Amino acid sequence: MSSGNFDVEEPATTETKSLLDTVSDTETGSRTSFEEFTDERMLTSYDVFRTKQMKIKVLEVSDEVPSSRWKFGDRVKVTKILVTIKHLTTQEVEEAEFDIEAIERELAEKRHYTSTNRWIPTADIKNGYVLGVRHTRLISDASALDYIVF
């Protein structure tokens, strides 16, 4: 066996480009930070059989000041919402605007009770949409009056 010098070639240095850097910030105007990013799954809720998907967009909030901010944190009182329901079997989409305040008054008048809690924490509203965990809270009176079947 002879000992020889082996020429070891060093790999050529190639610049690897991140997929996130493919579109420059100057072209898009801004970049979403991780804190601002919202997963679409957080904004949707499903019916029991997972055949319908619902999203709720906040259209209008009241300028009423919450009574105990220190106890419940920053909240807003939602007055109007846009409900979008997608039927997953047929891909049909339904949209309806609801005045929650008017529905709450109607239910109190007709049935002598109301179950809506329209105070939503500001952290539960992302990009104008309410998180799925708060959907039942906003549509309970509309469901009681059969405006929404979900």
# chains A, B, ... in the order shown; residues from 1 in each chain; ligands from 1
call {"tool": "residues_around", "arguments": {"residues": "Thr136 (chain A)", "least_positions_apart": "6", "cutoff": "12 Å", "atoms": "only C-alpha atoms", "output": "MDAnalysis selection string"}}
result
chainID A and resid 44:47 54:56 83 115:118 120 130 142:144 148:150
call {"tool": "residues_around", "arguments": {"residues": "Phe98 (chain A)", "least_positions_apart": "3", "cutoff": "7 Å", "atoms": "only C-alpha atoms", "output": "ChimeraX atom specification"}}
result
/A:80-82
call {"tool": "write_last_selection", "arguments": {"atoms": "N, CA and C atoms", "output": "PDB file, in the first residue's frame"}}
result
ATOM      1  N   LYS A  80     -72.869  43.802  15.180  1.00  0.00           N
ATOM      2  CA  LYS A  80     -73.235  43.212  13.882  1.00  0.00           C
ATOM      3  C   LYS A  80     -72.137  42.254  13.426  1.00  0.00           C
ATOM      4  N   ILE A  81     -72.582  41.124  12.868  1.00  0.00           N
ATOM      5  CA  ILE A  81     -71.642  40.125  12.373  1.00  0.00           C
ATOM      6  C   ILE A  81     -72.073  39.644  10.990  1.00  0.00           C
ATOM      7  N   LEU A  82     -71.133  39.086  10.268  1.00  0.00           N
ATOM      8  CA  LEU A  82     -71.398  38.435   8.991  1.00  0.00           C
ATOM      9  C   LEU A  82     -71.047  36.961   9.177  1.00  0.00           C
TER      10      LEU A  82
END
call {"tool": "select_by_dssp", "arguments": {"residues": "region 93-125 of chain A", "states": "alpha helix (DSSP H)", "output": "PDB file with all heavy atoms, in the first residue's frame"}}
result
ATOM      1  N   ILE A 100     -76.886  41.481  16.067  1.00  0.00           N
ATOM      2  CA  ILE A 100     -77.011  40.694  17.301  1.00  0.00           C
ATOM      3  C   ILE A 100     -77.800  41.456  18.359  1.00  0.00           C
ATOM      4  O   ILE A 100     -78.570  40.870  19.108  1.00  0.00           O
ATOM      5  CB  ILE A 100     -75.622  40.312  17.846  1.00  0.00           C
ATOM      6  CG1 ILE A 100     -74.870  39.487  16.816  1.00  0.00           C
ATOM      7  CG2 ILE A 100     -75.731  39.528  19.134  1.00  0.00           C
ATOM      8  CD1 ILE A 100     -73.467  39.169  17.230  1.00  0.00           C
ATOM      9  N   GLU A 101     -77.641  42.745  18.388  1.00  0.00           N
ATOM     10  CA  GLU A 101     -78.360  43.564  19.364  1.00  0.00           C
ATOM     11  C   GLU A 101     -79.873  43.474  19.145  1.00  0.00           C
ATOM     12  O   GLU A 101     -80.641  43.294  20.079  1.00  0.00           O
ATOM     13  CB  GLU A 101     -77.873  45.008  19.249  1.00  0.00           C
ATOM     14  CG  GLU A 101     -78.270  45.882  20.393  1.00  0.00           C
ATOM     15  CD  GLU A 101     -77.536  47.207  20.345  1.00  0.00           C
ATOM     16  OE1 GLU A 101     -77.007  47.588  19.277  1.00  0.00           O
ATOM     17  OE2 GLU A 101     -77.507  47.870  21.389  1.00  0.00           O
ATOM     18  N   ALA A 102     -80.321  43.561  17.898  1.00  0.00           N
ATOM     19  CA  ALA A 102     -81.745  43.462  17.584  1.00  0.00           C
ATOM     20  C   ALA A 102     -82.280  42.061  17.880  1.00  0.00           C
ATOM     21  O   ALA A 102     -83.394  41.911  18.388  1.00  0.00           O
ATOM     22  CB  ALA A 102     -81.987  43.821  16.122  1.00  0.00           C
ATOM     23  N   ILE A 103     -81.488  41.041  17.567  1.00  0.00           N
ATOM     24  CA  ILE A 103     -81.906  39.659  17.845  1.00  0.00           C
ATOM     25  C   ILE A 103     -82.020  39.430  19.347  1.00  0.00           C
ATOM     26  O   ILE A 103     -82.947  38.775  19.816  1.00  0.00           O
ATOM     27  CB  ILE A 103     -80.923  38.660  17.194  1.00  0.00           C
ATOM     28  CG1 ILE A 103     -81.058  38.728  15.675  1.00  0.00           C
ATOM     29  CG2 ILE A 103     -81.162  37.247  17.686  1.00  0.00           C
ATOM     30  CD1 ILE A 103     -80.014  37.932  14.925  1.00  0.00           C
ATOM     31  N   GLU A 104     -81.095  40.004  20.101  1.00  0.00           N
ATOM     32  CA  GLU A 104     -81.126  39.883  21.558  1.00  0.00           C
ATOM     33  C   GLU A 104     -82.398  40.526  22.126  1.00  0.00           C
ATOM     34  O   GLU A 104     -83.072  39.953  22.990  1.00  0.00           O
ATOM     35  CB  GLU A 104     -79.883  40.537  22.149  1.00  0.00           C
ATOM     36  CG  GLU A 104     -79.732  40.365  23.638  1.00  0.00           C
ATOM     37  CD  GLU A 104     -78.445  40.985  24.133  1.00  0.00           C
ATOM     38  OE1 GLU A 104     -77.918  41.928  23.502  1.00  0.00           O
ATOM     39  OE2 GLU A 104     -77.973  40.520  25.175  1.00  0.00           O
ATOM     40  N   ARG A 105     -82.747  41.699  21.624  1.00  0.00           N
ATOM     41  CA  ARG A 105     -83.979  42.371  22.076  1.00  0.00           C
ATOM     42  C   ARG A 105     -85.221  41.557  21.704  1.00  0.00           C
ATOM     43  O   ARG A 105     -86.152  41.426  22.488  1.00  0.00           O
ATOM     44  CB  ARG A 105     -84.074  43.766  21.459  1.00  0.00           C
ATOM     45  CG  ARG A 105     -83.239  44.798  22.149  1.00  0.00           C
ATOM     46  CD  ARG A 105     -83.595  46.207  21.712  1.00  0.00           C
ATOM     47  NE  ARG A 105     -83.585  46.405  20.265  1.00  0.00           N
ATOM     48  CZ  ARG A 105     -82.537  46.811  19.565  1.00  0.00           C
ATOM     49  NH1 ARG A 105     -81.397  47.074  20.167  1.00  0.00           N
ATOM     50  NH2 ARG A 105     -82.619  46.979  18.257  1.00  0.00           N
ATOM     51  N   GLU A 106     -85.245  41.010  20.477  1.00  0.00           N
ATOM     52  CA  GLU A 106     -86.383  40.215  20.021  1.00  0.00           C
ATOM     53  C   GLU A 106     -86.565  38.964  20.871  1.00  0.00           C
ATOM     54  O   GLU A 106     -87.689  38.609  21.245  1.00  0.00           O
ATOM     55  CB  GLU A 106     -86.187  39.820  18.563  1.00  0.00           C
ATOM     56  CG  GLU A 106     -87.346  39.029  17.981  1.00  0.00           C
ATOM     57  CD  GLU A 106     -87.092  38.619  16.544  1.00  0.00           C
ATOM     58  OE1 GLU A 106     -86.141  39.110  15.907  1.00  0.00           O
ATOM     59  OE2 GLU A 106     -87.879  37.780  16.051  1.00  0.00           O
ATOM     60  N   LEU A 107     -85.483  38.295  21.199  1.00  0.00           N
ATOM     61  CA  LEU A 107     -85.575  37.087  22.014  1.00  0.00           C
ATOM     62  C   LEU A 107     -86.042  37.417  23.433  1.00  0.00           C
ATOM     63  O   LEU A 107     -86.859  36.689  24.001  1.00  0.00           O
ATOM     64  CB  LEU A 107     -84.233  36.357  22.060  1.00  0.00           C
ATOM     65  CG  LEU A 107     -84.250  35.009  22.750  1.00  0.00           C
ATOM     66  CD1 LEU A 107     -85.108  34.020  21.963  1.00  0.00           C
ATOM     67  CD2 LEU A 107     -82.851  34.462  22.900  1.00  0.00           C
ATOM     68  N   ALA A 108     -85.560  38.511  23.980  1.00  0.00           N
ATOM     69  CA  ALA A 108     -85.992  38.914  25.319  1.00  0.00           C
ATOM     70  C   ALA A 108     -87.473  39.236  25.327  1.00  0.00           C
ATOM     71  O   ALA A 108     -88.180  38.934  26.293  1.00  0.00           O
ATOM     72  CB  ALA A 108     -85.175  40.111  25.784  1.00  0.00           C
ATOM     73  N   GLU A 109     -87.967  39.840  24.233  1.00  0.00           N
ATOM     74  CA  GLU A 109     -89.384  40.188  24.136  1.00  0.00           C
ATOM     75  C   GLU A 109     -90.255  38.944  23.947  1.00  0.00           C
ATOM     76  O   GLU A 109     -91.279  38.793  24.597  1.00  0.00           O
ATOM     77  CB  GLU A 109     -89.574  41.146  22.967  1.00  0.00           C
ATOM     78  CG  GLU A 109     -91.001  41.596  22.748  1.00  0.00           C
ATOM     79  CD  GLU A 109     -91.079  42.481  21.519  1.00  0.00           C
ATOM     80  OE1 GLU A 109     -90.354  43.493  21.481  1.00  0.00           O
ATOM     81  OE2 GLU A 109     -91.863  42.141  20.607  1.00  0.00           O
ATOM     82  N   LYS A 110     -89.847  38.042  23.055  1.00  0.00           N
ATOM     83  CA  LYS A 110     -90.669  36.866  22.731  1.00  0.00           C
ATOM     84  C   LYS A 110     -90.558  35.747  23.748  1.00  0.00           C
ATOM     85  O   LYS A 110     -91.540  35.109  24.089  1.00  0.00           O
ATOM     86  CB  LYS A 110     -90.277  36.315  21.363  1.00  0.00           C
ATOM     87  CG  LYS A 110     -90.713  37.157  20.202  1.00  0.00           C
ATOM     88  CD  LYS A 110     -90.346  36.502  18.905  1.00  0.00           C
ATOM     89  CE  LYS A 110     -90.855  37.306  17.720  1.00  0.00           C
ATOM     90  NZ  LYS A 110     -90.500  36.683  16.446  1.00  0.00           N
ATOM     91  N   ARG A 111     -89.365  35.489  24.209  1.00  0.00           N
ATOM     92  CA  ARG A 111     -89.146  34.327  25.074  1.00  0.00           C
ATOM     93  C   ARG A 111     -88.793  34.704  26.503  1.00  0.00           C
ATOM     94  O   ARG A 111     -88.547  33.836  27.328  1.00  0.00           O
ATOM     95  CB  ARG A 111     -88.016  33.459  24.493  1.00  0.00           C
ATOM     96  CG  ARG A 111     -88.196  33.097  23.042  1.00  0.00           C
ATOM     97  CD  ARG A 111     -88.861  31.753  22.881  1.00  0.00           C
ATOM     98  NE  ARG A 111     -89.165  31.456  21.493  1.00  0.00           N
ATOM     99  CZ  ARG A 111     -88.378  30.840  20.631  1.00  0.00           C
ATOM    100  NH1 ARG A 111     -87.186  30.448  21.015  1.00  0.00           N
ATOM    101  NH2 ARG A 111     -88.772  30.621  19.409  1.00  0.00           N
TER     102      ARG A 111
END
call {"tool": "closest_residue", "arguments": {"among": "A:Asp39, A:Trp119, A:Thr79, A:Glu95", "to": "Ser67 (chain A)", "atoms": "only C-alpha atoms"}}
result
A:Trp119
call {"tool": "atom_distance", "arguments": {"atom1": "CA of Arg50 (chain A)", "atom2": "CA of Leu88 (chain A)"}}
result
7.9 Å
call {"tool": "atom_distance", "arguments": {"atom1": "CA of Asp124 (chain A)", "atom2": "CA of Gln91 (chain A)"}}
result
27.0 Å
